[in-house]
Structures are given as C-alpha cells and as structure tokens.
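Chemist: Take a look at structure_16.cif, mmCIF, C-alpha atoms:
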data_entry
loop_
_atom_site.label_atom_id
_atom_site.label_comp_id
_atom_site.auth_asym_id
_atom_site.auth_seq_id
_atom_site.Cartn_x
_atom_site.Cartn_y
_atom_site.Cartn_z
CA MET M 145 6.16 -0.76 1.60
CA PRO M 146 2.47 0.01 1.25
CA LEU M 147 0.57 -1.58 -1.59
CA ASP M 148 -1.44 1.46 -2.57
CA GLU M 149 -2.60 3.33 -5.64
CA GLU M 150 0.72 5.11 -6.19
CA PHE M 151 2.68 1.83 -5.92
CA VAL M 152 0.43 0.17 -8.50
CA ASP M 153 0.61 3.18 -10.84
CA ARG M 154 4.43 3.23 -10.69
CA VAL M 155 4.61 -0.49 -11.54
CA ARG M 156 1.99 -0.04 -14.29
CA CYS M 157 4.25 2.56 -15.96
CA LEU M 158 7.43 0.47 -15.64
CA VAL M 159 6.26 -2.92 -16.90
CA PRO M 160 5.79 -1.77 -20.52
CA GLN M 161 9.15 0.04 -20.40
CA CYS M 162 10.93 -3.13 -19.27
CA ARG M 163 9.15 -5.27 -21.85
CA ARG M 164 10.03 -2.87 -24.66
CA CYS M 165 13.66 -2.41 -23.64
CA CYS M 166 14.55 -5.96 -22.62
CA PRO M 167 12.79 -8.27 -25.10
CA ASN M 168 15.63 -10.80 -24.96
CA HIS M 169 14.96 -11.35 -21.26
CA TYR M 170 11.51 -12.83 -21.82
CA GLY M 171 10.82 -16.54 -21.72
CA ASP M 172 8.08 -18.60 -23.29
CA ASP M 173 5.51 -17.35 -20.80
CA ASP M 174 6.26 -13.66 -21.62
CA ARG M 175 7.43 -13.00 -18.06
CA PRO M 176 10.54 -10.93 -17.46
CA ASP M 177 13.63 -12.67 -16.17
CA LEU M 178 15.68 -9.56 -15.57
CA ASN M 179 18.99 -9.92 -13.79
CA VAL M 180 19.89 -6.38 -14.74
CA ILE M 181 17.60 -3.45 -15.37
CA ASN M 182 18.59 -2.18 -18.80
CA GLU M 183 20.32 1.23 -18.91
CA HIS M 184 17.56 2.55 -21.18
CA VAL M 185 14.97 1.74 -18.50
CA ARG M 186 17.06 3.52 -15.83
CA GLU M 187 16.97 6.69 -17.94
CA THR M 188 13.18 6.82 -18.31
CA ASP M 189 10.96 9.21 -16.39
CA GLU M 190 8.97 6.20 -15.20
CA TYR M 191 12.02 4.63 -13.57
CA LEU M 192 13.07 7.92 -11.97
CA ALA M 193 9.55 8.33 -10.57
CA TRP M 194 9.71 4.74 -9.26
CA LYS M 195 13.07 5.43 -7.58
CA GLN M 196 11.80 8.62 -5.95
CA TYR M 197 8.67 6.84 -4.75
CA TRP M 198 10.66 3.89 -3.41
CA ASP M 199 13.19 6.11 -1.61
CA ARG M 200 10.46 8.26 -0.08
CA CYS M 201 8.58 5.22 1.25
CA ARG M 202 11.75 3.52 2.43
CA ASP M 203 12.80 6.64 4.31
CA GLY M 204 9.51 6.79 6.18
CA GLY M 205 7.43 8.98 3.92
CA GLY M 206 5.13 6.14 2.88
CA ASP M 207 3.65 3.84 5.50
CA GLY M 208 5.77 5.20 8.36
CA ASN M 209 7.12 1.80 9.38
CA HIS M 210 10.75 2.47 8.49
CA GLY M 211 11.31 6.12 9.33
CA ASN M 212 12.47 5.55 12.91
CA SER M 213 14.68 2.51 12.41
CA LYS M 214 18.45 2.95 12.63
CA ALA M 215 19.32 0.21 10.12
CA PRO M 216 17.19 -1.99 7.88
CA PRO M 217 16.99 -5.72 8.64
CA ASP M 218 19.44 -7.87 6.67
CA ASN M 219 16.68 -9.25 4.43
CA GLU M 220 15.03 -5.92 3.63
CA ILE M 221 15.30 -4.61 0.09
CA ILE M 222 16.53 -1.05 0.25
CA GLN M 223 17.47 -0.28 -3.38
CA ALA M 224 14.78 0.75 -5.87
CA GLU M 225 16.34 -1.30 -8.68
CA GLU M 226 16.44 -4.49 -6.60
CA ALA M 227 12.81 -3.93 -5.57
CA LEU M 228 11.79 -3.57 -9.21
CA LYS M 229 13.59 -6.79 -10.16
CA VAL M 230 11.75 -8.65 -7.39
CA ILE M 231 8.39 -7.18 -8.42
CA LEU M 232 8.95 -8.13 -12.06
CA ARG M 233 9.62 -11.75 -11.02
CA ILE M 234 6.40 -12.12 -9.02
CA LYS M 235 4.46 -15.21 -10.09
CA LEU M 236 1.49 -14.86 -7.70
CA VAL M 237 -0.05 -11.99 -5.75
CA VAL M 238 -1.59 -13.00 -2.42
CA GLY M 239 -3.60 -10.57 -0.34
CA PHE M 240 -4.10 -11.92 3.17
CA HIS M 241 -6.70 -9.70 4.83
CA PRO M 242 -5.72 -6.78 2.58
CA ASP M 243 -8.77 -4.73 3.61
CA GLN M 244 -8.80 -1.52 1.52
CA GLY M 245 -5.74 -2.79 -0.40
CA THR M 246 -7.78 -5.57 -2.05
CA ASP M 247 -8.27 -3.72 -5.33
CA TYR M 248 -4.55 -2.88 -5.48
CA CYS M 249 -3.64 -6.56 -5.13
CA VAL M 250 -5.91 -7.42 -8.04
CA GLU M 251 -4.62 -4.51 -10.17
CA LEU M 252 -0.99 -5.45 -9.52
CA ALA M 253 -1.69 -9.04 -10.56
CA GLU M 254 -3.40 -7.84 -13.75
CA ILE M 255 -0.49 -5.52 -14.61
CA LEU M 256 2.06 -8.28 -14.08
CA GLY M 257 -0.09 -10.90 -15.82
CA VAL M 258 -0.03 -13.29 -12.87
CA PRO M 259 -2.74 -15.07 -10.88
CA PHE M 260 -3.93 -13.68 -7.56
CA CYS M 261 -5.57 -14.93 -4.40
CA ILE M 262 -7.43 -12.75 -1.92
CA VAL M 263 -8.21 -14.00 1.59
CA PRO M 264 -10.57 -11.36 2.97
CA CYS M 265 -11.62 -10.75 6.51
CA CYS M 266 -14.65 -8.84 5.23
CA VAL M 267 -15.73 -7.06 2.05
CA PHE M 268 -16.33 -3.56 3.50
CA PRO M 269 -19.92 -3.49 2.19
CA SER M 270 -20.48 0.18 3.02
CA GLU M 271 -17.30 1.31 1.19
CA PHE M 272 -17.63 -1.12 -1.75
CA PRO M 273 -21.33 -1.86 -2.31
CA ASN M 274 -20.67 -3.75 -5.59
CA ARG M 275 -17.97 -6.07 -4.18
CA GLN M 276 -19.12 -9.67 -3.62
CA LEU M 277 -17.41 -12.84 -2.52
#
Show how you would write the structure in this file as structure tokens.

Modeler:
Amino acid sequence: MPLDEEFVDRVRCLVPQCRRCCPNHYGDDDRPDLNVINEHVRETDEYLAWKQYWDRCRDGGGDGNHGNSKAPPDNEIIQAEEALKVILRIKLVVGFHPDQGTDYCVELAEILGVPFCIVPCCVFPSEFPNRQL
C-alpha cells in the first residue's frame, strides 16, 4: 500500500469520525483501542471512500505491487476495516528512506498524534529547497 497524499487524506477524514463515534474506546492517552469499527463509522462517506481507496490499491490500482499476484500472502491485510483498525493502533511512524514519501510519514504521525522517525537517504534539495536535516 503506498503511503501517499490520498492515503493520508483518507486517514485524516476517518480519525475524527472514529473519535466522535467511539468515545468509550479511548484510553488515558486519547488513542483509539478499537476492536470493532462502529456501525456509524461504516456508514459515513469517509469510511466508504476509505474502503474504495483500499480496494483499488489492493487490487493493483495503487502501487501496482499486488495486481498480478494470484493470492495474497497469509500475513497481508486484505480487508479495509482490518487495515483501518491497524492504522488507528499505530504508536510510531517510521520512514526508512521514504524519499518523496517523507512528508506523508510526518503528516500521518501528526494526524494520529504519535511520534515519528525519519531515516533519510537524502533530502532531495532540488525538489524541497526548504527541507533541512
């Protein structure tokens, strides 16, 4: 699954929905502990957009890595709801040589309210003249 602008935007729209609809699932640190995505969340336009995005990427319309495979590996998440539950439980975002995905790693961490770590190979000075290490 690519970590790109659309991915980050879909998560950005869903996090407030989940926090509003499932307040009893939050602990002391205000992080979701969702075992089940609430029915109200499943009915939102944001969740439907997430599901369409997830299915399109999973079927090969995103990064192209899965479109030719006959069956997903046993440990691959294939359902949009399961992917969302995993994303909402993230406690740290790590970008290891994320290249142009660096900003998306930082944005995702900000949206989820978790720390992040970026291990760059370079800072793409011509594409991002204001970026500094």

Chemist: If we count all atoms listed in the file, what is near Lys195 of chain M at a cut-off of 12 Å, once residues fewer than 5 positions away on the same chain are taken out, given as a list in words?

Modeler: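 Near neighbours after the sequence-gap exclusion: Phe151, Arg154, Val155, Leu158, Val185, Arg186, Glu187, Thr188, Asp189, Glu190, Arg200, Cys201, Arg202, Asp203, Ile222, Gln223, Ala224, Glu225, Glu226, Ala227 and Leu228 of chain M.
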
Chemist: Can you pull out the residues contacting Leu236 of chain M? Cut-off 8 Å, using all atoms listed in the file, and skip same-chain residues under 4 positions away; I want them as a short mmCIF file (atom, residue, chain, number, x, y, z; two decimals) with C-alpha atoms, keeping the file's coordinate frame.

Modeler:
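Heads up, here's the output in result-v2.cif:
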data_model
loop_
_atom_site.label_atom_id
_atom_site.label_comp_id
_atom_site.auth_asym_id
_atom_site.auth_seq_id
_atom_site.Cartn_x
_atom_site.Cartn_y
_atom_site.Cartn_z
CA ALA M 253 -1.69 -9.04 -10.56
CA VAL M 258 -0.03 -13.29 -12.87
CA PRO M 259 -2.74 -15.07 -10.88
CA PHE M 260 -3.93 -13.68 -7.56
CA CYS M 261 -5.57 -14.93 -4.40
#

Chemist: Just say which residues the PyMOL selection byres ((chain M and resi 247) around 12) picks in this file, as a PDB file with C-alpha atoms, in the coordinates of the input.

Modeler:
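Result saved to part_7.pdb:
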ATOM      1  CA  LEU M 147       0.570  -1.580  -1.590  1.00  0.00           C
ATOM      2  CA  ASP M 148      -1.440   1.460  -2.570  1.00  0.00           C
ATOM      3  CA  GLU M 149      -2.600   3.330  -5.640  1.00  0.00           C
ATOM      4  CA  VAL M 152       0.430   0.170  -8.500  1.00  0.00           C
ATOM      5  CA  VAL M 237      -0.050 -11.990  -5.750  1.00  0.00           C
ATOM      6  CA  VAL M 238      -1.590 -13.000  -2.420  1.00  0.00           C
ATOM      7  CA  GLY M 239      -3.600 -10.570  -0.340  1.00  0.00           C
ATOM      8  CA  HIS M 241      -6.700  -9.700   4.830  1.00  0.00           C
ATOM      9  CA  PRO M 242      -5.720  -6.780   2.580  1.00  0.00           C
ATOM     10  CA  ASP M 243      -8.770  -4.730   3.610  1.00  0.00           C
ATOM     11  CA  GLN M 244      -8.800  -1.520   1.520  1.00  0.00           C
ATOM     12  CA  GLY M 245      -5.740  -2.790  -0.400  1.00  0.00           C
ATOM     13  CA  THR M 246      -7.780  -5.570  -2.050  1.00  0.00           C
ATOM     14  CA  TYR M 248      -4.550  -2.880  -5.480  1.00  0.00           C
ATOM     15  CA  CYS M 249      -3.640  -6.560  -5.130  1.00  0.00           C
ATOM     16  CA  VAL M 250      -5.910  -7.420  -8.040  1.00  0.00           C
ATOM     17  CA  GLU M 251      -4.620  -4.510 -10.170  1.00  0.00           C
ATOM     18  CA  LEU M 252      -0.990  -5.450  -9.520  1.00  0.00           C
ATOM     19  CA  ALA M 253      -1.690  -9.040 -10.560  1.00  0.00           C
ATOM     20  CA  GLU M 254      -3.400  -7.840 -13.750  1.00  0.00           C
ATOM     21  CA  PHE M 260      -3.930 -13.680  -7.560  1.00  0.00           C
ATOM     22  CA  CYS M 261      -5.570 -14.930  -4.400  1.00  0.00           C
ATOM     23  CA  ILE M 262      -7.430 -12.750  -1.920  1.00  0.00           C
ATOM     24  CA  PRO M 264     -10.570 -11.360   2.970  1.00  0.00           C
ATOM     25  CA  VAL M 267     -15.730  -7.060   2.050  1.00  0.00           C
ATOM     26  CA  PHE M 268     -16.330  -3.560   3.500  1.00  0.00           C
ATOM     27  CA  PHE M 272     -17.630  -1.120  -1.750  1.00  0.00           C
ATOM     28  CA  ARG M 275     -17.970  -6.070  -4.180  1.00  0.00           C
TER      29      ARG M 275
END

Chemist: Could you tell me which of M:Arg233, M:Leu256, M:Asp199, M:Gly204 comes closest to Cys157 of chain M if we count all atoms listed in the file?

Modeler: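 Answer, going by the shortest atom-to-atom distance: M:Leu256.
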
Chemist: May I ask for the distance between atom CA of Glu271 of chain M and atom CA of Gly257 of chain M, given in Å to one decimal place?

Modeler: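 These two atoms are separated by 27.1 Å.
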
Chemist: Quick one: pull the distance between atom CA of Phe240 of chain M and atom CA of Ala193 of chain M, Å, one decimal.

Modeler: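 These two atoms are separated by 28.0 Å.
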
Chemist: Between atom CA of Ile255 of chain M and atom CA of Arg156 of chain M, what is the distance in Å, rounded to a tenth?

Modeler: 6.0 Å
